[in-house]
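*Asks:* Can you read through this structure? Questions will come right after.
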Protein chains: 2
Amino acid sequence: MTPGDRSWGPVARPVRYRPRKKGSPMAIERRPLREQVKDELLEQLGRGRFTPGESINEVQLAEELGVSRTPLREAMISLEREGIVTSERGKGFRFAPTGKQEFLDLTAIVIALESLALRTSDPAHLSEIAPRLLAEARAFSAAQAPHGTIERYDDAWHALLLSGCANTRLREMIDSLKLTLHRYERVVVGDHEILERAAEEHERIAQCLLDGDLDQAVTALEANWTSGMERILHRLPPVTTG
Amino acid sequence: MTPGDRSWGPVARPVRYRPRKKGSPMAIERRPLREQVKDELLEQLGRGRFTPGESINEVQLAEELGVSRTPLREAMISLEREGIVTSERGKGFRFAPTGKQEFLDLTAIVIALESLALRTSDPAHLSEIAPRLLAEARAFSAAQAPHGTIERYDDAWHALLLSGCANTRLREMIDSLKLTLHRYERVVVGDHEILERAAEEHERIAQCLLDGDLDQAVTALEANWTSGMERILHRLPPVTTG
DNA sequence: ATGCCGAATGCTGTATACAGAACTCAGCAT
DNA sequence: ATGCTGAGTTCTGTATACAGCATTCGGCAT
């Protein structure tokens, strides 16, 4: 956690196969470089290091990250499937250009998926976490806050909300989509820009769950997303005829 | 089209950069090898060449395909993001194991997404294609047919149904998911196995669209998916306590 | 001055090389 | 016979090399 104490430099370690200490009880994280690269890129994206549409020089970026082109390219291909970067034959990779319409498209998808996730969650688990959801919602009831803060809180809250969803694939898709959405948001509203919030929306959802009214909760969740989206959309440049 | 006239051998051409005939009016398809490899693998998967959970020897497979390891690995990474293959640090790639639960999970997602796509389609376009949808549904009204045939028809029909969906991202996701679903299906019911169909379901959807009743059409679409899923599920090995 | 053409350069797409991890299996102790 | 150990093999993960495309920039004709 504690984001911000890590500078931009190369990825944690360009060492190849870090020798594992056999007797160590602490299993140190040994993931493929491509994933570390991916995470680092996503983090840098979050900090606005890259702009949408920006083309990527593989050798240069690889050098900056302290890895060779191969893992970088592998990360790129993974990110491409996630819609974060685009590639064109002979022109290499570029960070995907963002647009209002795509933001709307993505939001619509996330709404459908989160709604599905909630609907198919275990009801027992839902009523179990409902009090906590309500408590957290009340604890963070500011009428407005920096976008970055909202985002972190929101993610945590929604993650808790969907923690009862047994559909692994669905959870993964939602996470991936949110990543992309966040990117769009950050492009449009700076990380520290103050945004309004509808603090009671989360409370409302939690209340529905407490009452055991799942349908109503789903409706409230959709409303929450829609209004959240509109709050972002509001800050947009004059309509792009999307 | 005309699937089946292409044998298993190496991908079309392992030549590197095929020299382009300058004056030719016919722009020959020049996609990155990784994509050609991906398509070839998907096709071979469709023919049951690989079994779920099967681990992949990169050098061997690359040799069979007539390409080097690099584009093969790139294809693998792309397929991994699509859920077709899995990877584990140090153990390379494996074709993702299939399970009843995941089949259900995937189906639920596709239902949600296709439903969304239909709901957000342009109504004008929908009523325009409704007659064609109805005609095609009536033309293919056999009560049962080989699974492979059903699949092809079904894909075409649903593609037409969703042709009015402007949400590009959504369309892509649906296509990708269907690919995966087909894989699951083929694992479970052979390509030539005769399956029952509910021929009238498509007619029903089309009829709703003709009547301009979108909500009803969405409901019918969901019912169509559900019953189709159950027809497949029926053929499954004794319940795996999913 | 402006537009077209060709050499030069930079970068991508693919192949190959290499280092280190996981797996295998024979040999040994129990 | 069974379980452990360690050398050997195989294969992955990453780096580097190479070939061809795309772009750029200067020269020339108009």
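Naming scheme: A, B, ... for chains in displayed order of the structure tokens; residues 1 onward per chain; ligands 1 onward as shown.
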Do a neighbour search on region 2-10 of chain C at 12 Å with only C-alpha atoms (C1' of nucleotides), toss out local chain neighbours closer than 5 positions, and write the hits as a list in words.
*Replies:*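 Returned residues: Asn57, Glu58, Val59 and Lys91 of chain A; DC21, DA22, DT23, DT24, DC25, DG26, DG27, DC28, DA29 and DT30 of chain D.
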*Asks:* What are the residues of chain A that have an atom within 8 Å of an atom of chain D, counting only C-alpha atoms (C1' of nucleotides), as a ChimeraX atom specification?
*Replies:* /A:16,32,68,70-71,90-91
*Asks:* How many Å lie between CA of Leu210 (chain B) and CA of Glu128 (chain B), rounded to one decimal?
*Replies:*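 Calculated distance between CA of Leu210 (chain B) and CA of Glu128 (chain B) is 8.6 Å.
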*Asks:* Distance CA of Glu63 (chain A)-CA of Glu82 (chain A), one decimal place?
*Replies:* 23.7 Å
*Asks:* Extract the full set of strand (DSSP E or B) residues from region 97-219 of chain B according to DSSP on the backbone, and format it as a PDB file with C-alpha atoms, in the first residue's frame.
*Replies:*
ATOM      1  CA  GLN B 144     -32.268 -31.257 -34.029  1.00  0.00           C
ATOM      2  CA  ALA B 145     -28.929 -31.023 -35.807  1.00  0.00           C
ATOM      3  CA  PRO B 146     -25.221 -31.678 -35.362  1.00  0.00           C
ATOM      4  CA  ILE B 194     -26.841 -34.481 -32.695  1.00  0.00           C
ATOM      5  CA  LEU B 195     -28.468 -31.988 -30.394  1.00  0.00           C
ATOM      6  CA  GLU B 196     -32.041 -30.938 -29.885  1.00  0.00           C
TER       7      GLU B 196
END
*Asks:* Please report, as a tab-separated table, each residue of chain B lying at most 12 Å from chain C, together with the nearest pair of atoms and the separation in Å rounded to one decimal; use only C-alpha atoms (C1' of nucleotides), and order rows by chain and ascending residue number.
*Replies:*
residue	atom	partner	partner_atom	distance
B:Pro14	CA	C:DT14	C1'	10.3
B:Val15	CA	C:DT14	C1'	10.1
B:Arg16	CA	C:DT14	C1'	7.3
B:Tyr17	CA	C:DG13	C1'	8.8
B:Arg30	CA	C:DG13	C1'	11.9
B:Arg31	CA	C:DG13	C1'	10.6
B:Pro32	CA	C:DG13	C1'	7.5
B:Leu33	CA	C:DG13	C1'	8.4
B:Arg34	CA	C:DG13	C1'	9.7
B:Ala62	CA	C:DA15	C1'	11.7
B:Gly66	CA	C:DA15	C1'	11.9
B:Val67	CA	C:DT14	C1'	8.8
B:Ser68	CA	C:DA15	C1'	6.3
B:Arg69	CA	C:DA15	C1'	8.2
B:Thr70	CA	C:DT14	C1'	6.9
B:Pro71	CA	C:DT14	C1'	7.2
B:Leu72	CA	C:DT14	C1'	10.5
B:Arg73	CA	C:DT14	C1'	11.7
B:Glu74	CA	C:DT14	C1'	11.0
B:Glu88	CA	C:DA22	C1'	11.5
B:Arg89	CA	C:DA21	C1'	9.5
B:Gly90	CA	C:DA21	C1'	6.4
B:Lys91	CA	C:DA22	C1'	7.2
B:Gly92	CA	C:DA22	C1'	10.4
*Asks:* May I have the selected residues written with N, CA and C atoms, as a PDB file, in the first residue's frame?
*Replies:*
ATOM      1  N   PRO B  14       5.241 -19.425 -43.215  1.00  0.00           N
ATOM      2  CA  PRO B  14       6.207 -18.968 -42.218  1.00  0.00           C
ATOM      3  C   PRO B  14       7.147 -17.913 -42.763  1.00  0.00           C
ATOM      4  N   VAL B  15       6.928 -17.481 -43.988  1.00  0.00           N
ATOM      5  CA  VAL B  15       7.783 -16.428 -44.519  1.00  0.00           C
ATOM      6  C   VAL B  15       7.704 -15.217 -43.633  1.00  0.00           C
ATOM      7  N   ARG B  16       8.767 -14.517 -43.524  1.00  0.00           N
ATOM      8  CA  ARG B  16       8.773 -13.341 -42.673  1.00  0.00           C
ATOM      9  C   ARG B  16       7.965 -12.228 -43.305  1.00  0.00           C
ATOM     10  N   TYR B  17       8.568 -11.289 -43.854  1.00  0.00           N
ATOM     11  CA  TYR B  17       7.812 -10.219 -44.454  1.00  0.00           C
ATOM     12  C   TYR B  17       7.612 -10.528 -45.917  1.00  0.00           C
ATOM     13  N   ARG B  30      -1.857  -8.911 -44.366  1.00  0.00           N
ATOM     14  CA  ARG B  30      -0.563  -9.015 -43.717  1.00  0.00           C
ATOM     15  C   ARG B  30      -0.717  -8.671 -42.256  1.00  0.00           C
ATOM     16  N   ARG B  31      -1.065  -9.657 -41.495  1.00  0.00           N
ATOM     17  CA  ARG B  31      -1.225  -9.437 -40.063  1.00  0.00           C
ATOM     18  C   ARG B  31      -0.010  -9.961 -39.349  1.00  0.00           C
ATOM     19  N   PRO B  32       0.214  -9.501 -38.132  1.00  0.00           N
ATOM     20  CA  PRO B  32       1.338 -10.045 -37.366  1.00  0.00           C
ATOM     21  C   PRO B  32       1.182 -11.552 -37.189  1.00  0.00           C
ATOM     22  N   LEU B  33       2.299 -12.216 -37.175  1.00  0.00           N
ATOM     23  CA  LEU B  33       2.276 -13.669 -37.046  1.00  0.00           C
ATOM     24  C   LEU B  33       1.515 -14.098 -35.812  1.00  0.00           C
ATOM     25  N   ARG B  34       1.667 -13.345 -34.724  1.00  0.00           N
ATOM     26  CA  ARG B  34       1.021 -13.779 -33.491  1.00  0.00           C
ATOM     27  C   ARG B  34      -0.475 -13.965 -33.679  1.00  0.00           C
ATOM     28  N   ALA B  62       5.702 -24.696 -31.740  1.00  0.00           N
ATOM     29  CA  ALA B  62       6.179 -23.676 -32.665  1.00  0.00           C
ATOM     30  C   ALA B  62       6.659 -24.333 -33.954  1.00  0.00           C
ATOM     31  N   GLY B  66       5.326 -23.999 -37.735  1.00  0.00           N
ATOM     32  CA  GLY B  66       6.228 -23.402 -38.702  1.00  0.00           C
ATOM     33  C   GLY B  66       6.625 -21.981 -38.363  1.00  0.00           C
ATOM     34  N   VAL B  67       6.552 -21.641 -37.080  1.00  0.00           N
ATOM     35  CA  VAL B  67       7.000 -20.311 -36.664  1.00  0.00           C
ATOM     36  C   VAL B  67       7.975 -20.479 -35.505  1.00  0.00           C
ATOM     37  N   SER B  68       8.537 -19.389 -35.076  1.00  0.00           N
ATOM     38  CA  SER B  68       9.466 -19.485 -33.961  1.00  0.00           C
ATOM     39  C   SER B  68       8.704 -19.336 -32.651  1.00  0.00           C
ATOM     40  N   ARG B  69       9.420 -19.484 -31.581  1.00  0.00           N
ATOM     41  CA  ARG B  69       8.740 -19.438 -30.285  1.00  0.00           C
ATOM     42  C   ARG B  69       8.142 -18.063 -30.006  1.00  0.00           C
ATOM     43  N   THR B  70       8.787 -17.021 -30.472  1.00  0.00           N
ATOM     44  CA  THR B  70       8.334 -15.686 -30.101  1.00  0.00           C
ATOM     45  C   THR B  70       6.874 -15.408 -30.475  1.00  0.00           C
ATOM     46  N   PRO B  71       6.505 -15.518 -31.745  1.00  0.00           N
ATOM     47  CA  PRO B  71       5.092 -15.238 -32.042  1.00  0.00           C
ATOM     48  C   PRO B  71       4.156 -16.229 -31.368  1.00  0.00           C
ATOM     49  N   LEU B  72       4.637 -17.446 -31.172  1.00  0.00           N
ATOM     50  CA  LEU B  72       3.778 -18.412 -30.469  1.00  0.00           C
ATOM     51  C   LEU B  72       3.519 -17.950 -29.042  1.00  0.00           C
ATOM     52  N   ARG B  73       4.579 -17.558 -28.366  1.00  0.00           N
ATOM     53  CA  ARG B  73       4.408 -17.079 -26.992  1.00  0.00           C
ATOM     54  C   ARG B  73       3.515 -15.844 -26.957  1.00  0.00           C
ATOM     55  N   GLU B  74       3.686 -14.973 -27.935  1.00  0.00           N
ATOM     56  CA  GLU B  74       2.838 -13.783 -27.965  1.00  0.00           C
ATOM     57  C   GLU B  74       1.378 -14.173 -28.111  1.00  0.00           C
ATOM     58  N   GLU B  88       1.634 -20.769 -15.523  1.00  0.00           N
ATOM     59  CA  GLU B  88       2.101 -20.812 -14.156  1.00  0.00           C
ATOM     60  C   GLU B  88       3.608 -20.637 -14.217  1.00  0.00           C
ATOM     61  N   ARG B  89       4.074 -19.792 -13.348  1.00  0.00           N
ATOM     62  CA  ARG B  89       5.480 -19.458 -13.331  1.00  0.00           C
ATOM     63  C   ARG B  89       6.374 -20.704 -13.373  1.00  0.00           C
ATOM     64  N   GLY B  90       7.171 -20.776 -14.405  1.00  0.00           N
ATOM     65  CA  GLY B  90       8.114 -21.874 -14.502  1.00  0.00           C
ATOM     66  C   GLY B  90       7.548 -23.125 -15.139  1.00  0.00           C
ATOM     67  N   LYS B  91       6.244 -23.173 -15.288  1.00  0.00           N
ATOM     68  CA  LYS B  91       5.639 -24.351 -15.896  1.00  0.00           C
ATOM     69  C   LYS B  91       5.060 -24.055 -17.266  1.00  0.00           C
ATOM     70  N   GLY B  92       5.223 -22.832 -17.706  1.00  0.00           N
ATOM     71  CA  GLY B  92       4.767 -22.493 -19.038  1.00  0.00           C
ATOM     72  C   GLY B  92       3.267 -22.448 -19.178  1.00  0.00           C
TER      73      GLY B  92
END
*Asks:* In Å, rounded to a single decimal, give me how far CA of Glu43 (chain A) is from CA of Leu113 (chain B).
*Replies:*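 Computing it gives 28.9 Å between the two atoms.
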*Asks:* Of the residues A:Ala124, A:Met173, A:Leu133, A:Ile150, which is the one nearest to chain B, using only C-alpha atoms?
*Replies:*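 Counting only C-alpha atoms, the residue closest to chain B is A:Met173.
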*Asks:* Contacts between chain A and chain B, please, where a residue of chain B counts if it comes within 6 Å (with only C-alpha atoms); show its shortest atom pair and distance in Å to one decimal, rows by chain and ascending number, as a Markdown table.
*Replies:*
| residue | atom | partner | partner_atom | distance |
| --- | --- | --- | --- | --- |
| B:Ser78 | CA | A:Ser78 | CA | 5.9 |
| B:Asp105 | CA | A:Asn167 | CA | 5.7 |
| B:Asn167 | CA | A:Asp105 | CA | 5.7 |
